[in-house]
$ cat start16.cif   # mmCIF, C-alpha atoms (C1' of nucleotides)
data_final
#
loop_
_atom_site.label_atom_id
_atom_site.label_comp_id
_atom_site.auth_asym_id
_atom_site.auth_seq_id
_atom_site.Cartn_x
_atom_site.Cartn_y
_atom_site.Cartn_z
CA MET A 242 -36.18 17.72 -7.55
CA GLY A 243 -33.52 15.08 -7.03
CA THR A 244 -35.14 13.05 -4.29
CA ALA A 245 -33.59 9.74 -3.37
CA LYS A 246 -33.98 7.56 -6.42
CA HIS A 247 -37.25 5.74 -6.02
CA ARG A 248 -35.59 3.15 -3.88
CA ILE A 249 -32.49 1.02 -3.62
CA ASP A 250 -32.77 -2.38 -5.26
CA ARG A 251 -32.52 -5.16 -2.73
CA ARG A 252 -29.80 -6.88 -4.70
CA VAL A 253 -27.70 -3.74 -4.64
CA ALA A 254 -28.17 -3.30 -0.94
CA ARG A 255 -27.27 -6.89 -0.23
CA THR A 256 -24.20 -6.85 -2.41
CA ARG A 257 -22.86 -3.66 -0.90
CA ALA A 258 -23.57 -4.75 2.65
CA ALA A 259 -21.83 -8.06 2.02
CA LEU A 260 -18.78 -6.29 0.63
CA HIS A 261 -18.57 -3.95 3.59
CA ARG A 262 -18.91 -6.80 6.04
CA ALA A 263 -16.24 -8.78 4.21
CA LEU A 264 -13.86 -5.85 4.25
CA ILE A 265 -14.21 -5.28 7.98
CA SER A 266 -13.77 -8.96 8.70
CA LEU A 267 -10.68 -9.17 6.52
CA ILE A 268 -9.16 -6.08 8.10
CA LEU A 269 -9.45 -7.71 11.49
CA GLU A 270 -7.93 -10.88 10.09
CA LYS A 271 -4.89 -9.66 8.18
CA GLY A 272 -4.81 -5.88 8.07
CA TYR A 273 -5.98 -3.54 5.34
CA ASP A 274 -2.86 -3.39 3.21
CA LEU A 275 -2.61 -7.09 2.51
CA ILE A 276 -6.23 -7.42 1.39
CA THR A 277 -6.99 -8.01 -2.28
CA VAL A 278 -10.17 -7.23 -4.17
CA GLU A 279 -10.47 -10.88 -5.08
CA GLU A 280 -10.38 -11.87 -1.42
CA ILE A 281 -13.07 -9.36 -0.54
CA CYS A 282 -15.29 -10.75 -3.30
CA HIS A 283 -14.69 -14.33 -2.24
CA ALA A 284 -15.45 -13.54 1.40
CA ALA A 285 -18.59 -11.70 0.37
CA ASN A 286 -19.67 -14.26 -2.23
CA VAL A 287 -19.80 -11.62 -4.89
CA GLY A 288 -18.48 -11.81 -8.44
CA ARG A 289 -15.36 -9.78 -9.01
CA SER A 290 -16.89 -8.02 -11.99
CA THR A 291 -19.84 -7.09 -9.78
CA PHE A 292 -17.48 -5.42 -7.35
CA TYR A 293 -16.38 -2.99 -10.02
CA LEU A 294 -20.00 -2.17 -10.83
CA HIS A 295 -20.24 -0.63 -7.37
CA TYR A 296 -16.79 0.60 -6.41
CA THR A 297 -13.70 1.62 -8.29
CA GLY A 298 -11.43 -0.37 -5.99
CA LYS A 299 -10.52 -1.30 -2.45
CA ASP A 300 -10.01 2.29 -1.35
CA ASP A 301 -13.35 3.35 -2.74
CA LEU A 302 -15.11 0.65 -0.78
CA LYS A 303 -13.32 1.76 2.36
CA GLN A 304 -14.23 5.37 1.70
CA HIS A 305 -17.93 4.62 1.36
CA GLY A 306 -17.76 2.71 4.61
CA LEU A 307 -16.21 5.71 6.29
CA ASP A 308 -18.98 7.92 4.95
CA GLY A 309 -21.42 5.70 6.79
CA LEU A 310 -19.37 6.01 9.95
CA ARG A 311 -19.28 9.76 9.49
CA ARG A 312 -23.08 9.89 9.39
CA GLN A 313 -23.35 7.82 12.54
CA LEU A 314 -20.86 10.00 14.37
CA ALA A 315 -22.61 13.15 13.26
CA GLU A 316 -25.83 11.86 14.80
CA ALA A 317 -24.08 10.79 17.99
CA ALA A 318 -22.49 14.22 18.13
CA ALA A 319 -25.85 15.93 17.72
CA ARG A 320 -27.13 14.00 20.69
CA ALA A 321 -24.03 15.07 22.60
CA GLY A 322 -24.91 18.72 22.98
CA ARG A 323 -25.42 18.33 26.67
CA GLY A 324 -22.59 17.25 28.92
CA GLY A 325 -20.84 20.56 29.35
CA THR A 326 -17.44 21.37 27.89
CA PHE A 327 -15.97 18.56 25.78
CA GLY A 328 -19.23 16.71 26.19
CA PHE A 329 -18.43 14.74 23.08
CA SER A 330 -16.31 12.17 24.86
CA LEU A 331 -18.91 10.00 26.59
CA PRO A 332 -21.16 9.58 23.53
CA MET A 333 -18.10 8.65 21.50
CA PHE A 334 -17.02 5.97 23.95
CA GLU A 335 -20.57 4.64 23.99
CA HIS A 336 -20.76 4.62 20.23
CA ALA A 337 -17.51 2.71 20.09
CA ARG A 338 -18.79 0.13 22.56
CA ASP A 339 -21.96 -0.33 20.51
CA HIS A 340 -19.95 -1.00 17.34
CA ILE A 341 -16.97 -2.64 18.89
CA ASP A 342 -15.80 -4.78 15.96
CA LEU A 343 -16.15 -1.89 13.54
CA TYR A 344 -13.95 0.23 15.76
CA ARG A 345 -11.45 -2.49 16.37
CA ALA A 346 -11.12 -2.89 12.61
CA LEU A 347 -10.77 0.83 12.02
CA ALA A 348 -8.79 2.05 14.98
CA GLY A 349 -7.53 -0.99 16.87
CA GLY A 350 -4.14 -2.60 16.75
CA ARG A 351 -4.75 -4.97 13.85
CA GLY A 352 -6.78 -2.47 11.83
CA GLY A 353 -4.01 0.05 12.06
CA THR A 354 -4.71 3.58 11.02
CA VAL A 355 -7.37 2.86 8.42
CA ALA A 356 -9.96 5.30 9.70
CA LEU A 357 -8.12 7.29 12.32
CA GLY A 358 -7.83 10.22 9.96
CA THR A 359 -11.55 10.34 9.33
CA ILE A 360 -12.51 10.00 12.98
CA ARG A 361 -9.94 12.60 13.89
CA GLN A 362 -11.37 15.06 11.42
CA ILE A 363 -14.93 14.61 12.61
CA LEU A 364 -13.90 15.04 16.22
CA SER A 365 -11.83 18.08 15.36
CA ASP A 366 -14.87 19.84 13.93
CA LEU A 367 -16.81 18.91 17.04
CA VAL A 368 -14.21 20.17 19.47
CA ARG A 369 -13.62 23.31 17.45
CA ASP A 370 -17.29 24.23 17.71
CA ASP A 371 -17.25 23.39 21.37
CA LEU A 372 -14.34 25.68 22.05
CA ALA A 373 -15.86 28.46 19.99
CA ALA A 374 -19.10 28.23 21.95
CA ASN A 375 -17.40 28.37 25.34
CA SER A 376 -14.68 30.69 24.16
CA GLY A 377 -14.48 33.02 27.14
CA LYS A 378 -14.02 30.22 29.60
CA HIS A 379 -10.77 28.89 28.19
CA ILE A 380 -7.22 29.60 27.40
CA SER A 381 -7.17 32.56 25.10
CA ASP A 382 -3.76 34.13 25.41
CA ALA A 383 -0.75 32.87 23.55
CA ILE A 384 -2.11 29.40 22.79
CA PRO A 385 -3.79 29.17 19.37
CA ARG A 386 -7.22 27.63 19.53
CA GLU A 387 -6.45 25.15 16.78
CA LEU A 388 -3.56 23.77 18.80
CA VAL A 389 -5.92 23.16 21.69
CA VAL A 390 -8.30 21.42 19.32
CA GLN A 391 -5.62 19.11 18.01
CA TYR A 392 -4.27 18.53 21.48
CA VAL A 393 -7.66 17.48 22.82
CA VAL A 394 -8.51 15.27 19.85
CA GLY A 395 -5.08 13.65 19.85
CA ALA A 396 -5.36 12.87 23.54
CA PHE A 397 -8.86 11.50 23.08
CA MET A 398 -7.89 9.28 20.15
CA ALA A 399 -5.04 7.89 22.22
CA ALA A 400 -7.38 7.11 25.09
CA LEU A 401 -9.91 5.54 22.74
CA THR A 402 -7.28 3.38 21.06
CA TRP A 403 -5.86 2.26 24.40
CA TRP A 404 -9.34 1.35 25.58
CA LEU A 405 -10.12 -0.62 22.42
CA ASP A 406 -6.81 -2.47 22.38
CA GLY A 407 -7.39 -3.44 25.98
CA GLY A 408 -10.59 -5.16 24.93
CA ALA A 409 -12.87 -2.30 25.99
CA THR A 410 -13.53 -4.03 29.27
CA LEU A 411 -14.04 -0.86 31.25
CA PRO A 412 -17.54 0.57 30.89
CA PRO A 413 -17.71 3.78 28.85
CA HIS A 414 -18.50 6.00 31.79
CA ARG A 415 -15.36 4.84 33.60
CA ILE A 416 -12.91 5.42 30.77
CA ASP A 417 -14.67 8.70 30.09
CA ALA A 418 -14.23 9.79 33.71
CA MET A 419 -10.51 9.07 33.50
CA PHE A 420 -10.16 10.94 30.26
CA ARG A 421 -12.01 13.96 31.60
CA ARG A 422 -9.92 13.96 34.74
CA LEU A 423 -6.73 13.98 32.70
CA MET A 424 -8.17 16.73 30.55
CA SER A 425 -9.17 18.95 33.44
CA GLU A 426 -6.37 18.40 35.90
CA GLY A 427 -3.52 17.84 33.51
CA ALA A 428 -1.36 14.76 33.26
CA MET A 429 1.56 15.83 35.41
CA GLN A 430 -0.20 17.90 38.03
CA ALA A 431 -2.92 15.76 39.49
CA ARG A 432 -2.06 13.86 42.65
CA PRO A 433 -4.04 11.55 44.87
CA MET B 151 33.80 -11.13 17.81
CA GLY B 152 31.52 -9.75 15.14
CA THR B 153 32.92 -6.27 14.75
CA ALA B 154 31.52 -4.07 12.01
CA LYS B 155 32.52 -5.68 8.76
CA HIS B 156 35.77 -4.07 7.76
CA ARG B 157 33.91 -1.22 6.18
CA ILE B 158 30.92 -0.42 4.02
CA ASP B 159 31.65 -0.25 0.31
CA ARG B 160 31.21 3.26 -1.00
CA ARG B 161 28.94 2.06 -3.76
CA VAL B 162 26.65 0.42 -1.27
CA ALA B 163 26.50 3.51 0.88
CA ARG B 164 25.76 5.73 -2.07
CA THR B 165 23.07 3.46 -3.45
CA ARG B 166 21.27 3.13 -0.15
CA ALA B 167 21.49 6.83 0.60
CA ALA B 168 20.13 7.65 -2.84
CA LEU B 169 17.22 5.26 -2.36
CA HIS B 170 16.34 6.73 1.02
CA ARG B 171 16.48 10.25 -0.33
CA ALA B 172 14.33 9.29 -3.27
CA LEU B 173 11.74 7.69 -1.04
CA ILE B 174 11.42 10.72 1.20
CA SER B 175 11.17 13.05 -1.75
CA LEU B 176 8.50 10.89 -3.39
CA ILE B 177 6.50 10.65 -0.18
CA LEU B 178 6.37 14.43 -0.04
CA GLU B 179 5.36 14.52 -3.68
CA LYS B 180 2.58 11.96 -3.92
CA GLY B 181 2.21 10.05 -0.68
CA TYR B 182 3.63 6.70 0.32
CA ASP B 183 0.90 4.42 -0.99
CA LEU B 184 1.07 5.54 -4.59
CA ILE B 185 4.83 5.09 -4.86
CA THR B 186 6.23 2.24 -6.92
CA VAL B 187 9.62 0.56 -6.62
CA GLU B 188 10.36 1.53 -10.19
CA GLU B 189 9.73 5.19 -9.41
CA ILE B 190 12.03 5.06 -6.42
CA CYS B 191 14.79 3.55 -8.56
CA HIS B 192 14.31 6.09 -11.31
CA ALA B 193 14.38 9.00 -8.87
CA ALA B 194 17.50 7.56 -7.26
CA ASN B 195 19.18 6.62 -10.53
CA VAL B 196 19.54 3.04 -9.41
CA GLY B 197 18.84 -0.10 -11.38
CA ARG B 198 15.71 -1.89 -10.29
CA SER B 199 17.52 -5.18 -9.89
CA THR B 200 20.01 -3.39 -7.66
CA PHE B 201 17.19 -2.28 -5.42
CA TYR B 202 16.33 -5.88 -4.63
CA LEU B 203 19.96 -6.60 -3.76
CA HIS B 204 19.52 -4.25 -0.80
CA TYR B 205 15.87 -4.35 0.22
CA THR B 206 13.06 -6.83 -0.19
CA GLY B 207 10.62 -4.12 -1.24
CA LYS B 208 9.20 -0.69 -0.59
CA ASP B 209 8.23 -1.46 3.01
CA ASP B 210 11.67 -2.82 3.79
CA LEU B 211 13.29 0.37 2.56
CA LYS B 212 10.92 2.39 4.71
CA GLN B 213 11.63 0.20 7.72
CA HIS B 214 15.38 0.65 7.45
CA GLY B 215 14.84 4.38 7.23
CA LEU B 216 12.78 4.25 10.39
CA ASP B 217 15.53 2.31 12.14
CA GLY B 218 17.81 5.22 11.41
CA LEU B 219 15.26 7.62 12.82
CA ARG B 220 14.90 5.39 15.86
CA ARG B 221 18.63 5.64 16.54
CA GLN B 222 18.56 9.41 16.24
CA LEU B 223 15.63 9.69 18.59
CA ALA B 224 17.25 7.39 21.11
CA GLU B 225 20.27 9.68 21.19
CA ALA B 226 18.13 12.78 21.48
CA ALA B 227 16.23 11.09 24.28
CA ALA B 228 19.43 10.26 26.11
CA ARG B 229 20.37 13.89 26.01
CA ALA B 230 16.93 14.73 27.36
CA GLY B 231 17.42 13.37 30.85
CA ARG B 232 17.36 16.83 32.31
CA GLY B 233 14.31 19.02 31.94
CA GLY B 234 12.20 17.58 34.71
CA THR B 235 9.04 15.55 34.18
CA PHE B 236 8.22 14.94 30.54
CA GLY B 237 11.51 16.49 29.60
CA PHE B 238 11.40 14.67 26.32
CA SER B 239 9.28 17.26 24.58
CA LEU B 240 11.74 20.06 23.90
CA PRO B 241 14.48 17.81 22.46
CA MET B 242 11.87 16.22 20.22
CA PHE B 243 10.68 19.54 18.87
CA GLU B 244 14.28 20.54 18.29
CA HIS B 245 15.07 17.31 16.53
CA ALA B 246 12.05 17.80 14.31
CA ARG B 247 13.16 21.31 13.42
CA ASP B 248 16.64 20.05 12.55
CA HIS B 249 15.23 17.43 10.17
CA ILE B 250 12.21 19.27 8.98
CA ASP B 251 11.69 17.61 5.59
CA LEU B 252 12.16 14.15 7.04
CA TYR B 253 9.47 14.87 9.58
CA ARG B 254 7.13 16.45 7.09
CA ALA B 255 7.44 13.34 4.96
CA LEU B 256 6.86 11.00 7.88
CA ALA B 257 4.36 12.81 10.03
CA GLY B 258 3.10 15.79 8.04
CA GLY B 259 -0.08 16.12 6.06
CA ARG B 260 1.18 14.78 2.74
CA GLY B 261 3.26 12.00 4.28
CA GLY B 262 0.28 10.75 6.19
CA THR B 263 0.83 8.20 8.88
CA VAL B 264 3.93 6.53 7.46
CA ALA B 265 6.04 6.74 10.58
CA LEU B 266 3.65 7.90 13.23
CA GLY B 267 3.47 4.40 14.65
CA THR B 268 7.23 4.16 15.03
CA ILE B 269 7.61 7.59 16.57
CA ARG B 270 4.70 6.89 18.87
CA GLN B 271 6.28 3.68 20.07
CA ILE B 272 9.64 5.29 20.79
CA LEU B 273 8.00 8.13 22.69
CA SER B 274 5.82 5.71 24.61
CA ASP B 275 8.87 3.90 25.94
CA LEU B 276 10.37 7.23 26.89
CA VAL B 277 7.32 8.50 28.72
CA ARG B 278 6.77 5.16 30.42
CA ASP B 279 10.25 5.28 31.90
CA ASP B 280 9.72 8.88 32.87
CA LEU B 281 6.53 8.08 34.74
CA ALA B 282 8.10 5.09 36.43
CA ALA B 283 11.01 7.21 37.64
CA ASN B 284 8.79 9.92 39.08
CA SER B 285 6.10 7.54 40.14
CA GLY B 286 5.22 8.99 43.52
CA LYS B 287 4.64 12.44 42.13
CA HIS B 288 1.77 11.55 39.84
CA ILE B 289 -1.67 10.18 39.56
CA SER B 290 -1.61 6.75 41.06
CA ASP B 291 -5.15 5.93 42.01
CA ALA B 292 -7.71 4.66 39.58
CA ILE B 293 -5.96 5.78 36.39
CA PRO B 294 -3.76 3.07 34.86
CA ARG B 295 -0.27 4.26 34.14
CA GLU B 296 -0.37 3.01 30.57
CA LEU B 297 -3.40 5.16 29.86
CA VAL B 298 -1.48 8.19 31.07
CA VAL B 299 1.41 7.21 28.80
CA GLN B 300 -0.82 6.91 25.75
CA TYR B 301 -2.63 10.10 26.66
CA VAL B 302 0.58 12.08 26.91
CA VAL B 303 2.09 10.67 23.74
CA GLY B 304 -1.13 11.12 21.78
CA ALA B 305 -1.36 14.73 22.86
CA PHE B 306 2.29 15.32 22.01
CA MET B 307 2.01 13.76 18.56
CA ALA B 308 -1.00 15.96 17.86
CA ALA B 309 0.92 19.06 18.89
CA LEU B 310 3.92 18.01 16.82
CA THR B 311 1.81 17.35 13.74
CA TRP B 312 -0.02 20.65 14.11
CA TRP B 313 3.29 22.45 14.41
CA LEU B 314 4.74 20.72 11.34
CA ASP B 315 1.66 21.28 9.21
CA GLY B 316 1.75 24.94 10.12
CA GLY B 317 5.22 25.16 8.64
CA ALA B 318 7.03 24.90 11.97
CA THR B 319 7.32 28.66 12.10
CA LEU B 320 7.23 28.92 15.87
CA PRO B 321 10.60 28.25 17.49
CA PRO B 322 10.79 24.92 19.36
CA HIS B 323 10.88 26.49 22.80
CA ARG B 324 7.62 28.32 22.14
CA ILE B 325 5.61 25.35 20.94
CA ASP B 326 7.15 23.34 23.76
CA ALA B 327 6.05 25.90 26.33
CA MET B 328 2.49 25.74 25.02
CA PHE B 329 2.49 21.96 25.08
CA ARG B 330 3.81 21.82 28.62
CA ARG B 331 1.28 24.35 29.78
CA LEU B 332 -1.55 22.28 28.34
CA MET B 333 -0.05 19.20 29.94
CA SER B 334 0.29 20.72 33.37
CA GLU B 335 -2.81 22.88 33.64
CA GLY B 336 -5.17 20.80 31.56
CA ALA B 337 -6.96 21.88 28.43
CA MET B 338 -10.24 23.01 29.94
CA GLN B 339 -9.08 24.41 33.21
CA ALA B 340 -6.43 26.94 32.41
CA ARG B 341 -7.59 30.53 32.12
CA PRO B 342 -5.78 33.77 31.41
"C1'" DA C 176 -46.26 -12.29 -16.38
"C1'" DA C 177 -43.03 -9.26 -18.67
"C1'" DG C 178 -39.59 -6.05 -18.93
"C1'" DA C 179 -35.89 -3.85 -16.46
"C1'" DA C 180 -31.94 -4.11 -13.80
"C1'" DG C 181 -28.45 -6.62 -11.33
"C1'" DC C 182 -25.36 -10.50 -11.08
"C1'" DT C 183 -22.07 -13.81 -13.04
"C1'" DG C 184 -17.95 -16.18 -14.82
"C1'" DA C 185 -14.70 -16.02 -18.17
"C1'" DA C 186 -11.53 -13.85 -21.17
"C1'" DC C 187 -8.38 -10.14 -21.91
"C1'" DA C 188 -4.85 -6.38 -21.61
"C1'" DT C 189 -2.04 -4.00 -18.36
"C1'" DC C 190 1.00 -3.16 -14.76
"C1'" DA C 191 3.97 -3.80 -10.58
"C1'" DT C 192 6.56 -7.35 -8.35
"C1'" DG C 193 10.31 -10.27 -7.58
"C1'" DT C 194 14.03 -13.26 -9.60
"C1'" DC C 195 17.84 -14.33 -12.49
"C1'" DT C 196 21.25 -13.78 -16.01
"C1'" DG C 197 25.81 -12.39 -18.08
"C1'" DA C 198 28.39 -8.32 -18.88
"C1'" DT C 199 30.44 -4.02 -17.25
"C1'" DA C 200 32.24 -0.80 -13.89
"C1'" DA C 201 34.00 0.66 -9.40
"C1'" DC C 202 36.11 -0.53 -5.40
"C1'" DA C 203 39.85 -2.09 -1.65
"C1'" DG C 204 44.18 -3.73 -0.72
"C1'" DA C 205 48.88 -4.69 -1.94
"C1'" DT D 78 49.53 0.98 -10.48
"C1'" DC D 79 47.87 -3.56 -10.78
"C1'" DT D 80 44.62 -7.36 -9.45
"C1'" DG D 81 41.02 -9.86 -7.58
"C1'" DT D 82 36.65 -8.92 -5.54
"C1'" DT D 83 32.25 -6.92 -5.30
"C1'" DA D 84 28.60 -3.91 -6.76
"C1'" DT D 85 25.85 -2.31 -10.45
"C1'" DC D 86 23.41 -2.66 -14.63
"C1'" DA D 87 20.02 -3.68 -18.42
"C1'" DG D 88 17.15 -6.96 -19.95
"C1'" DA D 89 14.24 -11.07 -19.90
"C1'" DC D 90 11.07 -13.77 -17.45
"C1'" DA D 91 7.22 -15.70 -14.48
"C1'" DT D 92 3.70 -14.33 -11.41
"C1'" DG D 93 -0.19 -12.19 -9.45
"C1'" DA D 94 -3.46 -8.22 -8.90
"C1'" DT D 95 -6.02 -4.80 -11.42
"C1'" DG D 96 -9.62 -3.06 -14.16
"C1'" DT D 97 -12.64 -3.76 -18.39
"C1'" DT D 98 -15.79 -6.06 -21.39
"C1'" DC D 99 -19.45 -9.21 -22.79
"C1'" DA D 100 -23.07 -12.55 -23.35
"C1'" DG D 101 -26.12 -15.20 -20.63
"C1'" DC D 102 -28.62 -15.97 -16.52
"C1'" DT D 103 -31.23 -14.60 -12.20
"C1'" DT D 104 -33.78 -11.66 -9.43
"C1'" DC D 105 -36.24 -7.77 -8.63
"C1'" DT D 106 -40.21 -4.34 -9.56
"C1'" DT D 107 -44.67 -3.17 -11.22
#
$ encode --input "start16.cif" --output "structure tokens"
Amino acid sequence: MGTAKHRIDRRVARTRAALHRALISLILEKGYDLITVEEICHAANVGRSTFYLHYTGKDDLKQHGLDGLRRQLAEAAARAGRGGTFGFSLPMFEHARDHIDLYRALAGGRGGTVALGTIRQILSDLVRDDLAANSGKHISDAIPRELVVQYVVGAFMAALTWWLDGGATLPPHRIDAMFRRLMSEGAMQARP
Amino acid sequence: MGTAKHRIDRRVARTRAALHRALISLILEKGYDLITVEEICHAANVGRSTFYLHYTGKDDLKQHGLDGLRRQLAEAAARAGRGGTFGFSLPMFEHARDHIDLYRALAGGRGGTVALGTIRQILSDLVRDDLAANSGKHISDAIPRELVVQYVVGAFMAALTWWLDGGATLPPHRIDAMFRRLMSEGAMQARP
DNA sequence: AAGAAGCTGAACATCATGTCTGATAACAGA
DNA sequence: TCTGTTATCAGACATGATGTTCAGCTTCTT
């Protein structure tokens, strides 16, 4: 039952893709809040009435875009099984580098906090599983596991954002090495 | 020159206070984005035209509220000189406990990311100074100082948010102890 | 080639925004 | 307490974005 409807009409695919592209480009240009549906349609060369045939509004369009990102991240995460504890970080940095403008729109300075919540949630699930799998090897007394999860994800998001806002000039493996060093040695302890 | 204008008219003070209170209460109720100026005025029992005599719009009202928060945090930070490296954390947790509903509106689940940017910026300045003061005692090779700043602040904000969303039941000194332990020992290293 | 499905532009009602008015009420200072 | 000043108010108005509808046209699929 319910297999994917025979296929997706080319016109539909083109329209939706154009709208998503327009949204990302506009976010980079002026920030999410100031964007209007009319502007999105103009940038995408799509009739305004057509927009409402696909999405209920600006937020709905954004949400569908985030669902796509979620799928991508889930795949990247699946490929990230290896890498030991907190092995998620390197694949995430690499994924960000491969979709740099998307990330800069969603998590960078201009894009503001459009997608940070979504990314944070995905990563939280990832880290939570990671900690559960390697449970014996970590802090277990007094510090709730969920706090550790949030701590790790918060620190990672900060590192990711810093990297993106700096132009992502460092190669992924370098920023990842720094992040992992901070994670393992602590921020105040480590000395040359 | 330019001393504080003789005084602030009581009516002005009352109106502005009422508007700020209404905004916070509405944020907790339905989230910042869905709030309308008219709703704020109704909740505050203030004429809509009066609103525009004081603020240019919803964002302006929010911004002035954040300026107030900024002042409070600056004071708390000044009192936080003691406490060794990263001594900012305990005063911040205590300040959050003392203004719990404000924080839950600005940084908690329902309030979303309304003020996270502002708080993050204030803390970043604080931590940056802290690191500069104790420069010799910390990581200096290979890891840019600004990355450390963002890492620390990101981790702290995550801990703060987790604490708030959990109802802030733990006393400040307990959550602070956990945070500092994660900071000093690292999240993957520390074992019982 | 024909029918189905998507796209379009235009018109429309609705709502929030921001500005302005003249009248009323509350204030500060003497 | 009295007086001049200043804030507040309700209401009207123009504007711009939203979301819906429709009839006609274009582009897909088979």
$ axis_aligned_box --input "start16.cif" --around "segment 309-326 of chain B" --padding-each-side "5 Å" --output "AutoDock Vina command-line options"
--center_x 5.4 --center_y 23.1 --center_z 16.2 --size_x 20.9 --size_y 21.6 --size_z 25.1
$ closest_atom_pairs --input "start16.cif" --of "chain D" --to "chain B" --cutoff "10 Å" --atoms "all atoms listed in the file" --output "JSON lines"
{"residue": "D:DT83", "atom": "C1'", "partner": "B:Asp159", "partner_atom": "CA", "distance": 8.7}
{"residue": "D:DA84", "atom": "C1'", "partner": "B:Arg161", "partner_atom": "CA", "distance": 6.7}
{"residue": "D:DT85", "atom": "C1'", "partner": "B:Thr200", "partner_atom": "CA", "distance": 6.6}
{"residue": "D:DC86", "atom": "C1'", "partner": "B:Gly197", "partner_atom": "CA", "distance": 6.2}
{"residue": "D:DA87", "atom": "C1'", "partner": "B:Gly197", "partner_atom": "CA", "distance": 8.0}
$ residues_near_point --input "start16.cif" --point "(-12.0, -13.5, -20.1)" --cutoff "10 Å" --atoms "all atoms listed in the file" --output "NGL selection string"
(:C and (184-187)) or (:D and (97-99))
$ closest_residue --input "start16.cif" --among "C:DA198, C:DA176, C:DA188, C:DC182" --to "chain A" --atoms "all atoms listed in the file"
C:DC182
$ resolve_selection --input "start16.cif" --expression "the PyMOL selection byres ((chain C) within 12 of (chain B))" --output "number ranges by chain"
C: 190-196, 200-204
$ resolve_selection --input "start16.cif" --expression "the PyMOL selection byres ((chain A and resi 300-317) around 8)" --output "PyMOL selection string"
chain A and resi 260-261+264+296-299+318-321+332-333+336+356+359-360+363
$ resolve_selection --input "start16.cif" --expression "the PyMOL selection byres ((chain B) within 10 of (chain A))" --output "VMD selection string"
chain B and resid 183 235 to 236 262 to 264 266 to 267 281 286 to 294 296 to 313 324 to 325 327 to 342
$ residues_near_point --input "start16.cif" --point "(-42.4, -6.3, -19.4)" --cutoff "12 Å" --atoms "only C-alpha atoms (C1' of nucleotides)" --output "list of chain:residue names"
C:DA176, C:DA177, C:DG178, C:DA179, D:DT106, D:DT107
$ atom_distance --input "start16.cif" --atom1 "atom CA of Arg345 of chain A" --atom2 "atom CA of Lys271 of chain A"
12.7 Å
$ residues_around --input "start16.cif" --residues "Leu331 of chain A" --least-positions-apart "2" --cutoff "7 Å" --atoms "all atoms listed in the file" --output "MDAnalysis selection string"
chainID A and resid 328:329 333:335 413:414 417
$ atom_distance --input "start16.cif" --atom1 "atom CA of Leu314 of chain B" --atom2 "atom CA of Gln271 of chain B"
19.2 Å
$ atom_distance --input "start16.cif" --atom1 "atom C1' of DT199 of chain C" --atom2 "atom CA of Ile190 of chain B"
23.2 Å
